[in-house]
$ cat final-v1.pdb   # PDB, C-alpha atoms
ATOM      1  CA  MET A   1     163.876  84.682 -23.814
ATOM      2  CA  ARG A   2     164.081  82.667 -20.609
ATOM      3  CA  THR A   3     162.048  85.286 -18.736
ATOM      4  CA  VAL A   4     159.405  85.300 -21.453
ATOM      5  CA  LEU A   5     159.088  81.513 -21.408
ATOM      6  CA  GLU A   6     158.952  81.500 -17.606
ATOM      7  CA  ARG A   7     156.160  84.078 -17.638
ATOM      8  CA  GLY A   8     154.327  82.035 -20.250
ATOM      9  CA  GLY A   9     154.714  78.823 -18.294
ATOM     10  CA  ILE A  10     153.553  80.295 -15.001
ATOM     11  CA  SER A  11     150.584  82.061 -16.626
ATOM     12  CA  PHE A  12     149.645  78.910 -18.503
ATOM     13  CA  ALA A  13     149.435  77.031 -15.209
ATOM     14  CA  ILE A  14     147.547  79.788 -13.381
ATOM     15  CA  SER A  15     145.064  80.367 -16.221
ATOM     16  CA  SER A  16     144.400  76.656 -16.656
ATOM     17  CA  PHE A  17     143.796  76.288 -12.930
ATOM     18  CA  ALA A  18     141.668  79.418 -12.639
ATOM     19  CA  GLY A  19     139.572  78.534 -15.691
ATOM     20  CA  THR A  20     139.012  74.995 -14.431
ATOM     21  CA  LEU A  21     138.122  76.239 -10.952
ATOM     22  CA  ILE A  22     135.551  78.660 -12.340
ATOM     23  CA  ASN A  23     134.085  75.910 -14.513
ATOM     24  CA  PHE A  24     133.899  73.681 -11.451
ATOM     25  CA  ILE A  25     132.103  76.340  -9.399
ATOM     26  CA  ILE A  26     129.612  76.964 -12.232
ATOM     27  CA  ASP A  27     129.036  73.210 -12.553
ATOM     28  CA  LEU A  28     128.419  72.939  -8.807
ATOM     29  CA  ILE A  29     125.950  75.827  -8.886
ATOM     30  CA  GLY A  30     124.225  74.376 -11.955
ATOM     31  CA  ASN A  31     123.872  70.985 -10.351
ATOM     32  CA  ALA A  32     122.787  72.519  -7.053
ATOM     33  CA  CYS A  33     120.049  74.393  -8.907
ATOM     34  CA  GLY A  34     118.637  71.101 -10.109
ATOM     35  CA  ILE A  35     120.253  70.844 -13.551
ATOM     36  CA  PHE A  36     121.784  67.446 -12.831
ATOM     37  CA  GLY A  37     124.728  66.531 -14.993
ATOM     38  CA  PHE A  38     125.286  70.156 -15.962
ATOM     39  CA  ILE A  39     128.774  70.846 -17.403
ATOM     40  CA  SER A  40     129.835  74.390 -18.228
ATOM     41  CA  ILE A  41     131.123  73.712 -21.714
ATOM     42  CA  SER A  42     129.511  75.188 -24.806
ATOM     43  CA  PRO A  43     127.507  72.464 -26.650
ATOM     44  CA  ASP A  44     128.972  73.699 -29.951
ATOM     45  CA  PHE A  45     132.457  73.168 -28.565
ATOM     46  CA  ARG A  46     131.606  69.749 -27.167
ATOM     47  CA  CYS A  47     130.430  68.611 -30.605
ATOM     48  CA  LEU A  48     133.937  69.122 -31.967
ATOM     49  CA  PHE A  49     135.235  66.201 -29.870
ATOM     50  CA  PRO A  50     134.339  62.492 -29.657
ATOM     51  CA  THR A  51     133.881  62.642 -25.862
ATOM     52  CA  PRO A  52     133.003  65.376 -23.325
ATOM     53  CA  VAL A  53     136.155  64.492 -21.343
ATOM     54  CA  MET A  54     138.394  65.284 -24.312
ATOM     55  CA  ALA A  55     136.511  68.583 -24.758
ATOM     56  CA  ALA A  56     137.167  69.385 -21.089
ATOM     57  CA  TYR A  57     140.916  68.655 -21.429
ATOM     58  CA  VAL A  58     141.219  70.817 -24.532
ATOM     59  CA  ASN A  59     139.281  73.528 -22.719
ATOM     60  CA  ILE A  60     141.848  73.542 -19.916
ATOM     61  CA  PHE A  61     144.623  73.783 -22.480
ATOM     62  CA  LEU A  62     142.900  76.718 -24.213
ATOM     63  CA  TYR A  63     142.542  78.602 -20.923
ATOM     64  CA  GLY A  64     146.253  78.129 -20.410
ATOM     65  CA  LEU A  65     147.071  79.222 -23.938
ATOM     66  CA  ILE A  66     145.137  82.484 -23.560
ATOM     67  CA  GLY A  67     146.854  83.227 -20.242
ATOM     68  CA  ALA A  68     150.295  82.368 -21.616
ATOM     69  CA  THR A  69     149.781  84.673 -24.597
ATOM     70  CA  PHE A  70     148.753  87.599 -22.399
ATOM     71  CA  ALA A  71     151.790  87.054 -20.175
ATOM     72  CA  MET A  72     154.372  86.443 -22.886
ATOM     73  CA  MET A  73     153.293  89.436 -24.920
ATOM     74  CA  THR A  74     154.107  91.776 -22.012
ATOM     75  CA  VAL A  75     157.679  91.627 -23.356
ATOM     76  CA  ILE A  76     156.560  94.223 -25.911
ATOM     77  CA  PHE A  77     156.278  96.808 -23.122
ATOM     78  CA  GLU A  78     160.023  96.541 -22.536
ATOM     79  CA  CYS A  79     160.826  97.929 -25.992
ATOM     80  CA  ASN A  80     161.014 101.628 -25.081
ATOM     81  CA  ARG A  81     161.955 102.735 -28.572
ATOM     82  CA  ILE A  82     158.563 101.964 -30.070
ATOM     83  CA  GLY A  83     156.333 104.054 -27.782
ATOM     84  CA  PHE A  84     153.630 102.793 -25.482
ATOM     85  CA  LEU A  85     150.726 103.428 -27.886
ATOM     86  CA  ILE A  86     152.319 101.197 -30.498
ATOM     87  CA  GLN A  87     153.227  98.728 -27.756
ATOM     88  CA  GLY A  88     149.591  98.688 -26.674
ATOM     89  CA  LEU A  89     148.390  98.245 -30.235
ATOM     90  CA  ILE A  90     150.688  95.281 -30.881
ATOM     91  CA  TYR A  91     149.715  93.748 -27.548
ATOM     92  CA  PHE A  92     146.027  94.233 -28.318
ATOM     93  CA  ILE A  93     146.278  92.746 -31.820
ATOM     94  CA  VAL A  94     148.213  89.638 -30.797
ATOM     95  CA  THR A  95     146.156  88.906 -27.673
ATOM     96  CA  ALA A  96     142.911  89.594 -29.540
ATOM     97  CA  ILE A  97     143.888  87.227 -32.339
ATOM     98  CA  VAL A  98     144.570  84.453 -29.858
ATOM     99  CA  SER A  99     141.709  85.011 -27.401
ATOM    100  CA  VAL A 100     139.054  85.947 -29.951
ATOM    101  CA  GLY A 101     140.359  83.286 -32.298
ATOM    102  CA  ILE A 102     139.882  80.673 -29.591
ATOM    103  CA  THR A 103     136.448  81.951 -28.579
ATOM    104  CA  VAL A 104     135.294  81.912 -32.188
ATOM    105  CA  LEU A 105     136.967  78.791 -33.554
ATOM    106  CA  PHE A 106     136.612  76.570 -30.522
ATOM    107  CA  TRP A 107     133.941  78.032 -28.295
ATOM    108  CA  GLN A 108     131.883  78.927 -31.353
ATOM    109  CA  LEU A 109     131.004  82.391 -30.119
ATOM    110  CA  HIS A 110     130.164  83.426 -33.680
ATOM    111  CA  HIS A 111     126.933  81.458 -33.261
ATOM    112  CA  HIS A 112     125.959  84.136 -30.772
ATOM    113  CA  PRO A 113     126.612  87.367 -32.728
ATOM    114  CA  ALA A 114     125.495  89.745 -29.989
ATOM    115  CA  ALA A 115     127.900  88.137 -27.505
ATOM    116  CA  LEU A 116     130.730  88.215 -30.050
ATOM    117  CA  ILE A 117     130.187  91.872 -30.906
ATOM    118  CA  CYS A 118     129.978  92.845 -27.231
ATOM    119  CA  THR A 119     133.170  90.929 -26.462
ATOM    120  CA  LEU A 120     135.083  92.566 -29.313
ATOM    121  CA  LEU A 121     133.729  96.019 -28.591
ATOM    122  CA  GLY A 122     134.377  95.758 -24.883
ATOM    123  CA  TYR A 123     137.906  94.556 -25.450
ATOM    124  CA  GLY A 124     138.654  97.261 -28.022
ATOM    125  CA  VAL A 125     137.023 100.153 -26.188
ATOM    126  CA  THR A 126     138.883  99.274 -22.964
ATOM    127  CA  TYR A 127     142.199  99.572 -24.786
ATOM    128  CA  VAL A 128     141.255 102.854 -26.444
ATOM    129  CA  ILE A 129     140.188 104.429 -23.154
ATOM    130  CA  MET A 130     143.280 103.117 -21.354
ATOM    131  CA  GLY A 131     145.575 104.420 -24.095
ATOM    132  CA  PHE A 132     143.942 107.841 -24.091
ATOM    133  CA  VAL A 133     144.075 108.234 -20.315
ATOM    134  CA  GLN A 134     147.700 107.060 -20.118
ATOM    135  CA  TYR A 135     148.804 109.337 -22.968
ATOM    136  CA  ARG A 136     147.198 112.373 -21.357
ATOM    137  CA  ARG A 137     148.799 111.636 -17.987
ATOM    138  CA  LEU A 138     152.164 111.070 -19.602
ATOM    139  CA  LYS A 139     151.895 114.336 -21.554
ATOM    140  CA  GLN A 140     151.172 116.248 -18.327
ATOM    141  CA  ASP A 141     154.129 114.618 -16.578
ATOM    142  CA  VAL A 142     156.486 115.390 -19.476
ATOM    143  CA  GLN A 143     155.318 119.019 -19.603
ATOM    144  CA  TYR A 144     155.845 119.410 -15.853
ATOM    145  CA  ILE A 145     159.325 117.854 -16.015
ATOM    146  CA  ASN A 146     160.407 120.090 -18.902
ATOM    147  CA  GLU A 147     159.229 123.161 -16.994
ATOM    148  CA  GLU A 148     161.195 122.101 -13.935
ATOM    149  CA  LEU A 149     164.314 121.391 -15.972
ATOM    150  CA  ALA A 150     164.177 124.690 -17.882
TER
ATOM    151  CA  MET B 151     202.274 115.529   4.793
ATOM    152  CA  GLN B 152     203.647 112.176   3.759
ATOM    153  CA  ILE B 153     201.818 109.759   1.495
ATOM    154  CA  LYS B 154     202.732 106.074   1.751
ATOM    155  CA  ALA B 155     201.382 103.028  -0.052
ATOM    156  CA  LEU B 156     201.200  99.737   1.826
ATOM    157  CA  ILE B 157     200.674  96.663  -0.385
ATOM    158  CA  ASP B 158     199.434  93.640   1.533
ATOM    159  CA  SER B 159     197.231  90.758   0.378
ATOM    160  CA  LYS B 160     195.028  91.189   3.467
ATOM    161  CA  TYR B 161     193.559  94.388   1.971
ATOM    162  CA  GLU B 162     190.821  93.385  -0.446
ATOM    163  CA  GLU B 163     190.054  96.992  -1.351
ATOM    164  CA  ILE B 164     191.776 100.321  -0.851
ATOM    165  CA  GLU B 165     191.828 101.545   2.769
ATOM    166  CA  LEU B 166     192.917 105.038   3.646
ATOM    167  CA  HIS B 167     194.347 105.698   7.125
ATOM    168  CA  VAL B 168     194.875 109.270   8.268
ATOM    169  CA  CYS B 169     197.678 109.303  10.881
ATOM    170  CA  LYS B 170     198.606 112.169  13.211
ATOM    171  CA  ASP B 171     199.595 112.590  16.823
ATOM    172  CA  ARG B 172     196.277 114.191  17.785
ATOM    173  CA  GLN B 173     192.719 114.700  16.610
ATOM    174  CA  ASP B 174     192.390 118.237  15.252
ATOM    175  CA  GLU B 175     190.673 120.302  12.557
ATOM    176  CA  GLU B 176     193.230 119.378   9.928
ATOM    177  CA  VAL B 177     192.530 115.663  10.453
ATOM    178  CA  ALA B 178     188.774 116.259  10.290
ATOM    179  CA  ASN B 179     189.130 118.278   7.069
ATOM    180  CA  VAL B 180     191.312 115.674   5.364
ATOM    181  CA  ILE B 181     188.872 112.874   6.305
ATOM    182  CA  SER B 182     185.944 114.962   5.089
ATOM    183  CA  GLU B 183     187.640 115.725   1.740
ATOM    184  CA  LEU B 184     188.589 112.080   1.220
ATOM    185  CA  HIS B 185     185.029 110.964   1.952
ATOM    186  CA  ALA B 186     183.633 113.523  -0.467
ATOM    187  CA  TRP B 187     186.013 112.429  -3.202
ATOM    188  CA  PHE B 188     185.616 108.650  -2.785
ATOM    189  CA  ASP B 189     181.897 108.655  -2.116
ATOM    190  CA  GLU B 190     181.317 110.850  -5.127
ATOM    191  CA  SER B 191     183.652 108.896  -7.405
ATOM    192  CA  LEU B 192     183.528 105.476  -8.945
ATOM    193  CA  LYS B 193     186.239 103.030 -10.017
ATOM    194  CA  ALA B 194     186.161 102.715 -13.796
ATOM    195  CA  VAL B 195     188.225 101.370 -16.679
ATOM    196  CA  ASP B 196     188.464 103.345 -19.895
ATOM    197  CA  GLU B 197     188.584 101.900 -23.414
ATOM    198  CA  ARG B 198     192.372 101.644 -23.301
ATOM    199  CA  GLY B 199     192.270  99.589 -20.134
ATOM    200  CA  ASN B 200     193.401 102.376 -17.783
ATOM    201  CA  GLN B 201     191.877 102.417 -14.319
ATOM    202  CA  LEU B 202     190.627 105.720 -12.993
ATOM    203  CA  MET B 203     188.227 107.297 -10.496
ATOM    204  CA  LEU B 204     185.240 108.719 -12.312
ATOM    205  CA  PRO B 205     183.452 111.613 -10.605
ATOM    206  CA  LEU B 206     179.754 110.784 -10.346
ATOM    207  CA  SER B 207     178.812 114.348 -11.157
ATOM    208  CA  ASP B 208     180.316 113.877 -14.641
ATOM    209  CA  VAL B 209     178.411 110.677 -15.404
ATOM    210  CA  LEU B 210     175.497 111.072 -17.804
ATOM    211  CA  SER B 211     174.215 107.540 -17.561
ATOM    212  CA  PHE B 212     174.963 103.976 -16.524
ATOM    213  CA  TYR B 213     173.817 101.339 -18.949
ATOM    214  CA  ALA B 214     174.097  97.613 -19.391
ATOM    215  CA  GLN B 215     175.177  96.177 -22.725
ATOM    216  CA  GLY B 216     176.009  92.545 -23.233
ATOM    217  CA  GLN B 217     177.477  91.262 -19.987
ATOM    218  CA  ARG B 218     178.957  94.618 -18.988
ATOM    219  CA  VAL B 219     177.883  97.828 -17.298
ATOM    220  CA  TYR B 220     179.171 101.090 -18.716
ATOM    221  CA  ALA B 221     179.298 104.653 -17.450
ATOM    222  CA  LEU B 222     178.938 107.384 -20.034
ATOM    223  CA  ASP B 223     180.337 110.862 -19.616
ATOM    224  CA  GLU B 224     181.206 113.678 -22.017
ATOM    225  CA  SER B 225     184.569 112.174 -22.924
ATOM    226  CA  GLY B 226     183.485 108.615 -23.556
ATOM    227  CA  ARG B 227     182.395 105.401 -21.932
ATOM    228  CA  TYR B 228     183.963 103.382 -19.144
ATOM    229  CA  VAL B 229     183.501  99.873 -17.864
ATOM    230  CA  ILE B 230     182.198  99.660 -14.314
ATOM    231  CA  SER B 231     182.665  96.523 -12.253
ATOM    232  CA  LYS B 232     179.354  96.882 -10.413
ATOM    233  CA  LYS B 233     176.001  95.566 -11.596
ATOM    234  CA  LEU B 234     173.264  97.984 -12.592
ATOM    235  CA  TYR B 235     171.069  97.076  -9.634
ATOM    236  CA  GLU B 236     173.998  97.736  -7.267
ATOM    237  CA  LEU B 237     174.491 101.177  -8.797
ATOM    238  CA  GLU B 238     170.778 101.821  -8.457
ATOM    239  CA  GLN B 239     170.865 100.788  -4.781
ATOM    240  CA  GLN B 240     173.873 102.986  -4.104
ATOM    241  CA  TYR B 241     173.026 106.057  -6.178
ATOM    242  CA  GLY B 242     169.317 105.688  -6.848
ATOM    243  CA  ASP B 243     168.450 108.004  -3.970
ATOM    244  CA  SER B 244     170.770 110.766  -5.132
ATOM    245  CA  SER B 245     170.771 112.119  -8.657
ATOM    246  CA  PHE B 246     170.369 108.881 -10.616
ATOM    247  CA  VAL B 247     167.055 107.451 -11.721
ATOM    248  CA  ARG B 248     166.234 104.183 -13.516
ATOM    249  CA  ILE B 249     164.618 104.826 -16.875
ATOM    250  CA  SER B 250     164.539 101.322 -18.268
ATOM    251  CA  LYS B 251     165.648  97.768 -17.522
ATOM    252  CA  SER B 252     169.133  98.558 -18.724
ATOM    253  CA  GLU B 253     169.816 102.214 -17.949
ATOM    254  CA  LEU B 254     170.137 104.747 -15.135
ATOM    255  CA  VAL B 255     170.466 108.442 -16.005
ATOM    256  CA  ASN B 256     171.770 111.419 -14.084
ATOM    257  CA  LEU B 257     168.816 113.720 -13.443
ATOM    258  CA  LYS B 258     171.082 116.755 -13.283
ATOM    259  CA  LYS B 259     172.281 116.064 -16.814
ATOM    260  CA  ILE B 260     168.843 115.835 -18.443
ATOM    261  CA  LYS B 261     168.099 118.704 -20.831
ATOM    262  CA  SER B 262     164.531 117.812 -21.755
ATOM    263  CA  ILE B 263     162.081 114.995 -22.429
ATOM    264  CA  ASP B 264     160.295 114.563 -25.713
ATOM    265  CA  LEU B 265     156.993 112.708 -26.110
ATOM    266  CA  SER B 266     156.073 111.603 -29.619
ATOM    267  CA  LEU B 267     152.560 110.963 -30.942
ATOM    268  CA  THR B 268     153.086 107.214 -30.641
ATOM    269  CA  GLY B 269     154.024 107.534 -26.983
ATOM    270  CA  THR B 270     157.801 107.195 -27.389
ATOM    271  CA  VAL B 271     159.571 108.961 -24.538
ATOM    272  CA  LYS B 272     162.972 110.290 -25.583
ATOM    273  CA  ILE B 273     165.330 111.771 -23.000
ATOM    274  CA  LEU B 274     167.746 114.412 -24.319
ATOM    275  CA  MET B 275     170.849 114.881 -22.218
ATOM    276  CA  LYS B 276     172.754 118.176 -22.009
ATOM    277  CA  ASN B 277     175.596 116.929 -24.206
ATOM    278  CA  GLY B 278     173.265 115.765 -26.974
ATOM    279  CA  TYR B 279     173.118 112.102 -25.971
ATOM    280  CA  GLU B 280     169.618 110.663 -26.519
ATOM    281  CA  THR B 281     168.055 107.673 -24.894
ATOM    282  CA  TYR B 282     164.598 106.169 -24.525
ATOM    283  CA  SER B 283     162.641 105.789 -21.347
ATOM    284  CA  SER B 284     159.717 103.658 -20.307
ATOM    285  CA  ARG B 285     156.391 105.309 -19.516
ATOM    286  CA  ARG B 286     156.622 104.359 -15.842
ATOM    287  CA  SER B 287     160.017 106.006 -15.472
ATOM    288  CA  VAL B 288     158.576 109.391 -16.410
ATOM    289  CA  ALA B 289     156.449 109.299 -13.257
ATOM    290  CA  LYS B 290     159.567 108.358 -11.271
ATOM    291  CA  ILE B 291     161.494 111.300 -12.727
ATOM    292  CA  ARG B 292     158.654 113.652 -11.818
ATOM    293  CA  GLU B 293     158.536 112.278  -8.264
ATOM    294  CA  ARG B 294     162.263 112.723  -7.882
ATOM    295  CA  LEU B 295     162.150 116.303  -9.142
ATOM    296  CA  ASP B 296     159.316 117.041  -6.699
ATOM    297  CA  LEU B 297     161.314 115.506  -3.862
ATOM    298  CA  ASN B 298     164.419 117.516  -4.757
ATOM    299  CA  LYS B 299     162.320 120.677  -4.926
ATOM    300  CA  LYS B 300     160.882 119.958  -1.464
ATOM    301  CA  GLN B 301     164.310 119.267   0.008
ATOM    302  CA  LYS B 302     165.686 122.493  -1.469
ATOM    303  CA  GLY B 303     162.748 124.365   0.001
ATOM    304  CA  ASN B 304     163.310 122.832   3.455
ATOM    305  CA  ARG B 305     167.017 123.681   3.335
ATOM    306  CA  ALA B 306     166.249 127.275   2.323
ATOM    307  CA  GLU B 307     163.771 127.628   5.224
ATOM    308  CA  ALA B 308     166.276 126.165   7.657
TER
END

$ encode --input "final-v1.pdb" --output "structure tokens"
Amino acid sequence: MRTVLERGGISFAISSFAGTLINFIIDLIGNACGIFGFISISPDFRCLFPTPVMAAYVNIFLYGLIGATFAMMTVIFECNRIGFLIQGLIYFIVTAIVSVGITVLFWQLHHHPAALICTLLGYGVTYVIMGFVQYRRLKQDVQYINEELA
Amino acid sequence: MQIKALIDSKYEEIELHVCKDRQDEEVANVISELHAWFDESLKAVDERGNQLMLPLSDVLSFYAQGQRVYALDESGRYVISKKLYELEQQYGDSSFVRISKSELVNLKKIKSIDLSLTGTVKILMKNGYETYSSRRSVAKIRERLDLNKKQKGNRAEA
């Protein structure tokens, strides 16, 4: 439990920092390109809050929350009894619920259906390909080991 | 040959001294046999509390449960005073391989590995004991088998 919370805490901090840094760089580029006062926050998201500053703070928190979820859920990969495909599925479902939930509910990605579909598809297809490749490699390794042991 | 025991608080662990009037083949043989026995054995405590030396070649696996580390062989389990990472450091290069956060298994005692459709990796030991491994450990087991094969090949050539 302590390890999980530590992972979550560290990832929360790193994700918040990284997300804020990327926002800052985008803002700098936007302003440098002549869009003065540009802030890289979705207008739909900004409307949810009384002030842009509050929206920015919540944004930082959401970055951290996504990172913490990804890190904390890695604990599932330590449960050897449930198989890595099931581990991957559980990991995918929980992280998708949190990250897609945030992008839809807060960042209002559902207002841009093409972007939402691409995000979901990309996320899902990556996991399927990864799972398939890993399973095949594992099967080859297991076959080789059993031949050597026989 | 005389065998004497010397009990003194200055000895924190067992020391063996081989004493003779000269260095000869007998001395070398005795030292060699003692090394083989102690290096290939481990201090353990059985379930009745009896201390014994457990031959490593008989150990199927070392695993951590609760605050303790146990060694499992065909006749039962024994408490080991070392930590799992210490056992891995000491025996990880020989016939033991780490298969999960809490277990090391003896490669020479593995019968087969079973991969289920969901990706569960089950290791079947020669005495029927079953345990589960992580995906990454399978690659480690394969590497170790390859290394052992290479070493055997080199020895045969030599």

$ interface_residues --input "final-v1.pdb" --of "chain A" --to "chain B" --cutoff "7 Å" --atoms "only C-alpha atoms" --output "MDAnalysis selection string"
chainID A and resid 80:86 135 141:142 145:146 149

$ atom_distance --input "final-v1.pdb" --atom1 "CA of Asp44 in chain A" --atom2 "CA of Leu105 in chain A"
10.1 Å

$ closest_residue --input "final-v1.pdb" --among "B:Leu206, B:Leu156, B:Ala214, B:Leu274" --to "Lys233 in chain B" --atoms "only C-alpha atoms"
B:Ala214

$ closest_residue --input "final-v1.pdb" --among "A:Leu116, A:Ala56, A:Arg137, A:Ala71" --to "Ile14 in chain A" --atoms "only C-alpha atoms"
A:Ala71

$ atom_distance --input "final-v1.pdb" --atom1 "CA of Ser231 in chain B" --atom2 "CA of Phe212 in chain B"
11.5 Å

$ resolve_selection --input "final-v1.pdb" --expression "the PyMOL selection byres ((chain A and resi 42) around 10)" --output "PyMOL selection string"
chain A and resi 39-41+43-47+55+106-109

$ write_last_selection --input "final-v1.pdb" --atoms "C-alpha atoms" --output "PDB file, keeping the file's coordinate frame"
ATOM      1  CA  ILE A  39     128.774  70.846 -17.403  1.00  0.00           C
ATOM      2  CA  SER A  40     129.835  74.390 -18.228  1.00  0.00           C
ATOM      3  CA  ILE A  41     131.123  73.712 -21.714  1.00  0.00           C
ATOM      4  CA  PRO A  43     127.507  72.464 -26.650  1.00  0.00           C
ATOM      5  CA  ASP A  44     128.972  73.699 -29.951  1.00  0.00           C
ATOM      6  CA  PHE A  45     132.457  73.168 -28.565  1.00  0.00           C
ATOM      7  CA  ARG A  46     131.606  69.749 -27.167  1.00  0.00           C
ATOM      8  CA  CYS A  47     130.430  68.611 -30.605  1.00  0.00           C
ATOM      9  CA  ALA A  55     136.511  68.583 -24.758  1.00  0.00           C
ATOM     10  CA  PHE A 106     136.612  76.570 -30.522  1.00  0.00           C
ATOM     11  CA  TRP A 107     133.941  78.032 -28.295  1.00  0.00           C
ATOM     12  CA  GLN A 108     131.883  78.927 -31.353  1.00  0.00           C
ATOM     13  CA  LEU A 109     131.004  82.391 -30.119  1.00  0.00           C
TER      14      LEU A 109
END

$ resolve_selection --input "final-v1.pdb" --expression "the PyMOL selection byres ((chain B and resi 194) around 10)" --output "list in words"
Ser191, Leu192, Lys193, Val195, Asp196, Glu197, Gly199, Asn200, Gln201, Leu202, Met203, Leu204, Pro205, Tyr220, Ala221, Arg227, Tyr228, Val229, Ile230, Ser231 and Lys232 of chain B

$ atom_distance --input "final-v1.pdb" --atom1 "CA of Val180 in chain B" --atom2 "CA of Gly242 in chain B"
27.1 Å
